[in-house]
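The structure appears right after this line, and notes come after that.
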Amino acid sequence: MLRVDLRALTQPVGVMRLMETVVTLMCVVLVATVGHVASSYWAWCMFTWCFCFFFTLLILVLEFTTVSDKLPFAWEDFTTAFAMLASLMCLSASIIYPSFFTCATCSRQIGASVVSWVCFGLYVGEVVFTRLRPRGEIIGFLSTLPGILKMLETFLACLIFISLETGQYSGSPETQWCVAVYSLCFIFAIIIILVTLGQLTSGLPFPFERVVIVYNILSAVMYATAMVIWPLYSFQKRIPAGCVDICHDKLVMVTVMTVFNFLVYAVDSGYSIYLVFFKHTF
């Protein structure tokens, strides 16, 4: 039997989530009234605000109806991880949208940009509230450093994907290898997140932690190759006339995000090795 919990709406985190649903919806409405723009960056910004609105509203409904207590995974871990991911997504949208789609006289675009920064601030506030736990309290994987690094890896990969254009890698085995690296690492990172969130690691017939270490090391090595190969070959391709600025910016974006993700995978590899092989020896 379901019951309602008013504290889900009246406690500080609940109030912040209500505000998040309002401001993310405002961003969607403001940008939608301007009209569609045929750009992967525009699509990413719109997806960010819709994604955050939908899942924030879903979290509110599930907590208000207490359905969240019956779900087969760590609910607080999920909500904390979502707030972190939403913070990163809103930060990227708050930078990308005004950089490419606003002007001095574009009032609705400027308004959407300002409200997007408010979204970012609210989600950061939620992260702060949910991370303020009593010392020693057990939290789930996604709220720990390895979990945060996994989410960061997938987020940076998403920024790479929205910056890729077919002409950047078609007909070039070298740049196609880089796209394969981005795709494979992203897919396996998502699988790791889902397996740990669903608490399925104990039922696996192999030591999951050591498999993750191997994955992290391989991903770091593969990203190291992409970090060298992508700028070396992609900038040699001829950029079509009329697309010089935006296409060049996208190439730079992929290059920079590749370097950042390599560093994240390197840190993830080192930290996971420390946790499994060295932490309990001291």
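If you're wondering about the labels, chains in the structure tokens are A, B, ... by order shown, residues count from 1 in each chain, ligands from 1 in order shown.
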Kindly provide the residues of segment 6-106 of chain A that approach segment 191-210 of chain A to within 12 Å, each paired with its closest atom pair and their distance in Å to one decimal, based on only C-alpha atoms, listed by chain and increasing number, as CSV.
```
residue,atom,partner,partner_atom,distance
A:Leu71,CA,A:Gly198,CA,10.0
A:Pro72,CA,A:Gly198,CA,7.1
A:Phe73,CA,A:Gly198,CA,5.3
A:Ala74,CA,A:Leu197,CA,6.9
A:Trp75,CA,A:Leu197,CA,9.2
A:Glu76,CA,A:Leu197,CA,10.8
A:Asp77,CA,A:Leu197,CA,8.0
A:Phe78,CA,A:Leu197,CA,7.4
A:Thr79,CA,A:Leu197,CA,11.2
A:Thr80,CA,A:Leu197,CA,12.0
A:Ala81,CA,A:Leu197,CA,10.1
A:Phe82,CA,A:Leu197,CA,11.8
```
How close does each residue of segment 1-72 of chain A get to segment 106-111 of chain A, giving the shortest atom pair and distance in Å to one decimal for every residue with an atom at most 9 Å away, counting only C-alpha atoms, sorted by chain and residue number, as a Markdown table?
```
| residue | atom | partner | partner_atom | distance |
| --- | --- | --- | --- | --- |
| A:Cys27 | CA | A:Gly111 | CA | 8.1 |
| A:Leu30 | CA | A:Arg108 | CA | 5.8 |
| A:Val31 | CA | A:Gln109 | CA | 6.5 |
| A:Thr33 | CA | A:Arg108 | CA | 8.3 |
| A:Val34 | CA | A:Arg108 | CA | 7.2 |
```
Requested write-out: N, CA, C and O atoms of the selected residues, as a short mmCIF file (atom, residue, chain, number, x, y, z; two decimals), in the first residue's frame:
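So the final result, stored in selection30.cif, reads:
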```cif
data_model
loop_
_atom_site.label_atom_id
_atom_site.label_comp_id
_atom_site.auth_asym_id
_atom_site.auth_seq_id
_atom_site.Cartn_x
_atom_site.Cartn_y
_atom_site.Cartn_z
N CYS A 27 13.99 26.94 -18.77
CA CYS A 27 15.01 26.89 -19.82
C CYS A 27 14.45 26.25 -21.09
O CYS A 27 14.65 26.76 -22.20
N LEU A 30 11.91 28.72 -22.76
CA LEU A 30 12.56 29.89 -23.36
C LEU A 30 13.28 29.53 -24.66
O LEU A 30 13.16 30.23 -25.67
N VAL A 31 14.01 28.41 -24.64
CA VAL A 31 14.75 28.00 -25.83
C VAL A 31 13.81 27.49 -26.92
O VAL A 31 14.01 27.74 -28.10
N THR A 33 10.77 28.45 -27.55
CA THR A 33 10.05 29.54 -28.19
C THR A 33 10.92 30.28 -29.21
O THR A 33 10.38 30.93 -30.11
N VAL A 34 12.23 30.17 -29.06
CA VAL A 34 13.13 30.78 -30.04
C VAL A 34 13.11 29.99 -31.34
O VAL A 34 13.20 30.55 -32.44
#
```
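Rounded to one decimal, atom CA of Met257 of chain A and atom CA of Leu142 of chain A lie 21.8 Å from each other.
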Could you check which of A:Leu85, A:Val211, A:Ile95, A:Met26 is closest to Ala112 of chain A, using only C-alpha atoms?
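Nearest to Ala112 of chain A: A:Met26.
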Need the shell around segment 42-53 of chain A: protein/DNA/RNA residues with any atom at most 6 Å away, counting only C-alpha atoms. Skip same-chain ones fewer than 6 positions apart. Format as a list in words?
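Contacts, in chain order: Thr21, Thr24 and Ala93 of chain A.
Nearest residue to Leu88 of chain A, choosing from A:Ala104, A:Leu122, A:Val115, A:Ala32 and counting only C-alpha atoms: A:Leu122.
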